[in-house]
$ cat model-v1.txt   # compact mmCIF, N, CA and C atoms
# COMPACT_ATOMS: atom_id res chain seq x y z
N MET A 817 55.24 -9.37 17.10
CA MET A 817 54.34 -10.12 16.25
C MET A 817 54.41 -11.61 16.57
N GLN A 818 55.63 -12.15 16.68
CA GLN A 818 55.76 -13.57 16.99
C GLN A 818 55.16 -13.91 18.34
N GLN A 819 55.33 -13.02 19.31
CA GLN A 819 54.76 -13.25 20.64
C GLN A 819 53.25 -13.29 20.58
N ALA A 820 52.65 -12.42 19.77
CA ALA A 820 51.20 -12.40 19.64
C ALA A 820 50.70 -13.71 19.03
N ILE A 821 51.40 -14.18 18.02
CA ILE A 821 51.02 -15.44 17.37
C ILE A 821 51.16 -16.59 18.36
N LEU A 822 52.27 -16.61 19.10
CA LEU A 822 52.47 -17.66 20.09
C LEU A 822 51.39 -17.63 21.15
N ASN A 823 51.00 -16.44 21.56
CA ASN A 823 49.95 -16.30 22.56
C ASN A 823 48.63 -16.88 22.05
N VAL A 824 48.30 -16.60 20.81
CA VAL A 824 47.06 -17.13 20.23
C VAL A 824 47.11 -18.65 20.21
N ILE A 825 48.23 -19.20 19.79
CA ILE A 825 48.36 -20.66 19.69
C ILE A 825 48.32 -21.32 21.07
N THR A 826 49.03 -20.77 22.02
CA THR A 826 49.12 -21.42 23.33
C THR A 826 47.88 -21.23 24.20
N THR A 827 47.04 -20.25 23.87
CA THR A 827 45.84 -20.05 24.68
C THR A 827 44.57 -20.54 23.99
N ARG A 828 44.73 -21.22 22.88
CA ARG A 828 43.54 -21.71 22.18
C ARG A 828 42.81 -22.74 23.03
N ARG A 829 41.54 -22.93 22.72
CA ARG A 829 40.75 -23.89 23.49
C ARG A 829 39.66 -24.47 22.60
N SER A 830 39.16 -25.60 23.01
CA SER A 830 38.05 -26.23 22.31
C SER A 830 36.78 -25.96 23.10
N VAL A 831 35.71 -25.69 22.39
CA VAL A 831 34.42 -25.44 23.01
C VAL A 831 33.49 -26.58 22.62
N ARG A 832 32.91 -27.20 23.62
CA ARG A 832 32.01 -28.32 23.35
C ARG A 832 30.61 -28.09 23.93
N ASN A 833 30.38 -26.93 24.46
CA ASN A 833 29.06 -26.55 24.96
C ASN A 833 28.54 -25.42 24.08
N PHE A 834 27.40 -25.63 23.51
CA PHE A 834 26.85 -24.65 22.58
C PHE A 834 25.49 -24.18 23.05
N ASP A 835 25.11 -22.99 22.67
CA ASP A 835 23.77 -22.50 23.00
C ASP A 835 23.05 -22.14 21.70
N ASP A 836 21.85 -21.66 21.81
CA ASP A 836 21.04 -21.36 20.64
C ASP A 836 21.17 -19.91 20.17
N ALA A 837 22.14 -19.19 20.69
CA ALA A 837 22.32 -17.80 20.27
C ALA A 837 22.67 -17.74 18.78
N PRO A 838 22.01 -16.88 18.04
CA PRO A 838 22.30 -16.82 16.60
C PRO A 838 23.70 -16.27 16.33
N VAL A 839 24.28 -16.73 15.25
CA VAL A 839 25.59 -16.24 14.81
C VAL A 839 25.32 -15.20 13.72
N THR A 840 25.91 -14.04 13.87
CA THR A 840 25.66 -12.97 12.90
C THR A 840 26.41 -13.22 11.60
N GLU A 841 25.95 -12.57 10.54
CA GLU A 841 26.64 -12.66 9.24
C GLU A 841 28.09 -12.18 9.38
N GLU A 842 28.30 -11.14 10.16
CA GLU A 842 29.65 -10.62 10.36
C GLU A 842 30.54 -11.66 11.04
N GLN A 843 30.02 -12.35 12.05
CA GLN A 843 30.78 -13.39 12.72
C GLN A 843 31.12 -14.53 11.76
N ILE A 844 30.16 -14.91 10.94
CA ILE A 844 30.40 -15.98 9.96
C ILE A 844 31.50 -15.56 8.99
N ARG A 845 31.45 -14.34 8.50
CA ARG A 845 32.48 -13.85 7.58
C ARG A 845 33.86 -13.85 8.24
N THR A 846 33.91 -13.47 9.52
CA THR A 846 35.19 -13.46 10.24
C THR A 846 35.75 -14.86 10.37
N ILE A 847 34.90 -15.81 10.70
CA ILE A 847 35.33 -17.21 10.84
C ILE A 847 35.82 -17.74 9.49
N LEU A 848 35.07 -17.48 8.43
CA LEU A 848 35.47 -17.93 7.10
C LEU A 848 36.79 -17.30 6.67
N ARG A 849 36.93 -16.02 6.95
CA ARG A 849 38.18 -15.33 6.60
C ARG A 849 39.37 -15.96 7.33
N ALA A 850 39.19 -16.28 8.61
CA ALA A 850 40.26 -16.93 9.37
C ALA A 850 40.60 -18.28 8.74
N GLY A 851 39.59 -19.03 8.32
CA GLY A 851 39.83 -20.31 7.66
C GLY A 851 40.59 -20.15 6.36
N MET A 852 40.31 -19.10 5.63
CA MET A 852 41.01 -18.86 4.36
C MET A 852 42.48 -18.52 4.57
N PHE A 853 42.81 -17.98 5.73
CA PHE A 853 44.20 -17.66 6.02
C PHE A 853 44.96 -18.84 6.64
N ALA A 854 44.26 -19.90 6.96
CA ALA A 854 44.92 -21.07 7.55
C ALA A 854 45.85 -21.69 6.51
N PRO A 855 47.00 -22.19 6.94
CA PRO A 855 47.92 -22.79 5.98
C PRO A 855 47.36 -24.08 5.38
N SER A 856 47.79 -24.37 4.17
CA SER A 856 47.41 -25.62 3.52
C SER A 856 48.67 -26.22 2.87
N ALA A 857 48.63 -27.51 2.63
CA ALA A 857 49.78 -28.19 2.03
C ALA A 857 50.11 -27.56 0.68
N HIS A 858 51.34 -27.16 0.51
CA HIS A 858 51.82 -26.55 -0.73
C HIS A 858 50.97 -25.34 -1.15
N ASN A 859 50.33 -24.72 -0.17
CA ASN A 859 49.48 -23.55 -0.41
C ASN A 859 48.43 -23.82 -1.49
N THR A 860 47.89 -25.05 -1.49
CA THR A 860 46.90 -25.40 -2.52
C THR A 860 45.53 -24.80 -2.25
N ARG A 861 45.28 -24.49 -0.98
CA ARG A 861 43.99 -23.91 -0.58
C ARG A 861 42.83 -24.75 -1.13
N ALA A 862 42.93 -26.02 -0.93
CA ALA A 862 41.93 -26.95 -1.47
C ALA A 862 40.75 -27.09 -0.52
N TRP A 863 40.23 -25.97 -0.05
CA TRP A 863 39.11 -26.00 0.87
C TRP A 863 37.88 -25.42 0.21
N GLN A 864 36.76 -25.81 0.74
CA GLN A 864 35.48 -25.23 0.35
C GLN A 864 34.70 -25.02 1.63
N PHE A 865 33.98 -23.94 1.72
CA PHE A 865 33.21 -23.64 2.92
C PHE A 865 31.72 -23.61 2.57
N VAL A 866 30.94 -24.22 3.41
CA VAL A 866 29.49 -24.20 3.27
C VAL A 866 28.93 -23.77 4.62
N THR A 867 28.06 -22.78 4.62
CA THR A 867 27.42 -22.37 5.87
C THR A 867 25.95 -22.77 5.80
N VAL A 868 25.47 -23.31 6.90
CA VAL A 868 24.08 -23.76 6.99
C VAL A 868 23.49 -23.19 8.27
N SER A 869 22.38 -22.48 8.15
CA SER A 869 21.73 -21.93 9.34
C SER A 869 20.35 -22.53 9.57
N ASP A 870 19.84 -23.25 8.61
CA ASP A 870 18.52 -23.87 8.72
C ASP A 870 18.59 -25.07 9.67
N LYS A 871 17.83 -25.01 10.76
CA LYS A 871 17.88 -26.06 11.80
C LYS A 871 17.50 -27.43 11.24
N ALA A 872 16.49 -27.49 10.39
CA ALA A 872 16.06 -28.77 9.81
C ALA A 872 17.17 -29.38 8.97
N MET A 873 17.85 -28.56 8.19
CA MET A 873 18.95 -29.05 7.37
C MET A 873 20.10 -29.53 8.23
N LEU A 874 20.40 -28.82 9.31
CA LEU A 874 21.46 -29.25 10.22
C LEU A 874 21.14 -30.60 10.84
N ARG A 875 19.87 -30.83 11.19
CA ARG A 875 19.49 -32.14 11.75
C ARG A 875 19.67 -33.24 10.70
N GLN A 876 19.32 -32.94 9.46
CA GLN A 876 19.50 -33.93 8.40
C GLN A 876 20.98 -34.25 8.20
N LEU A 877 21.80 -33.23 8.15
CA LEU A 877 23.23 -33.43 7.97
C LEU A 877 23.83 -34.22 9.13
N ALA A 878 23.34 -33.98 10.34
CA ALA A 878 23.86 -34.66 11.53
C ALA A 878 23.70 -36.17 11.41
N GLY A 879 22.69 -36.63 10.70
CA GLY A 879 22.47 -38.06 10.56
C GLY A 879 23.29 -38.72 9.47
N LEU A 880 24.05 -37.96 8.72
CA LEU A 880 24.78 -38.53 7.59
C LEU A 880 26.14 -39.11 7.95
N HIS A 881 26.71 -38.67 9.04
CA HIS A 881 28.05 -39.16 9.43
C HIS A 881 28.16 -39.14 10.94
N ARG A 882 28.84 -40.11 11.49
CA ARG A 882 28.90 -40.21 12.95
C ARG A 882 29.60 -39.02 13.61
N PHE A 883 30.52 -38.38 12.91
CA PHE A 883 31.21 -37.22 13.49
C PHE A 883 30.42 -35.93 13.31
N TRP A 884 29.29 -35.97 12.63
CA TRP A 884 28.49 -34.77 12.39
C TRP A 884 27.35 -34.63 13.37
N LYS A 885 27.20 -35.52 14.32
CA LYS A 885 26.09 -35.50 15.28
C LYS A 885 25.95 -34.13 15.99
N PRO A 886 27.06 -33.45 16.35
CA PRO A 886 26.90 -32.16 17.02
C PRO A 886 26.18 -31.10 16.18
N LEU A 887 26.07 -31.31 14.88
CA LEU A 887 25.35 -30.35 14.05
C LEU A 887 23.90 -30.20 14.48
N ALA A 888 23.32 -31.28 14.96
CA ALA A 888 21.91 -31.25 15.38
C ALA A 888 21.75 -30.32 16.56
$ encode --input "model-v1.txt" --output "structure tokens"
Amino acid sequence: MQQAILNVITTRRSVRNFDDAPVTEEQIRTILRAGMFAPSAHNTRAWQFVTVSDKAMLRQLAGLHRFWKPLA
């Protein structure tokens, strides 16, 4: 088990090239579930998740903060 966890951590990667392929509801649920299992300080789980699939809304959000530009 520890080896599997270490393998996941050491082989992780960042993706910065995106395409227009749609993300399925099942994929979204899997991603959200993984986020819910991520550790938090004192196990407070002080996170909230919002999913947005509307392209116009994503473009609007992209203009609200300099780090959100990739949303467009």
$ closest_residue --input "model-v1.txt" --among "A:Ala820, A:Phe865, A:Asp836, A:Gln876" --to "Leu848 (chain A)" --atoms "only N, CA and C atoms"
A:Phe865
$ select_by_dssp --input "model-v1.txt" --residues "chain A" --states "helix (DSSP H, G or I)" --output "VMD selection string"
chain A and resid 818 to 826 841 to 853 857 to 859 871 to 878 882 to 887
$ residues_around --input "model-v1.txt" --residues "Trp863 (chain A)" --least-positions-apart "2" --cutoff "9 Å" --atoms "only C-alpha atoms" --output "list in words"
Gly851, Met852, Ser856, Thr860, Arg861 and Phe865 of chain A
$ atom_distance --input "model-v1.txt" --atom1 "atom C of Arg832 (chain A)" --atom2 "CA of Ala878 (chain A)"
15.6 Å
$ atom_distance --input "model-v1.txt" --atom1 "CA of Ile821 (chain A)" --atom2 "CA of Phe883 (chain A)"
29.7 Å
$ atom_distance --input "model-v1.txt" --atom1 "atom N of Leu874 (chain A)" --atom2 "atom N of Leu887 (chain A)"
8.3 Å
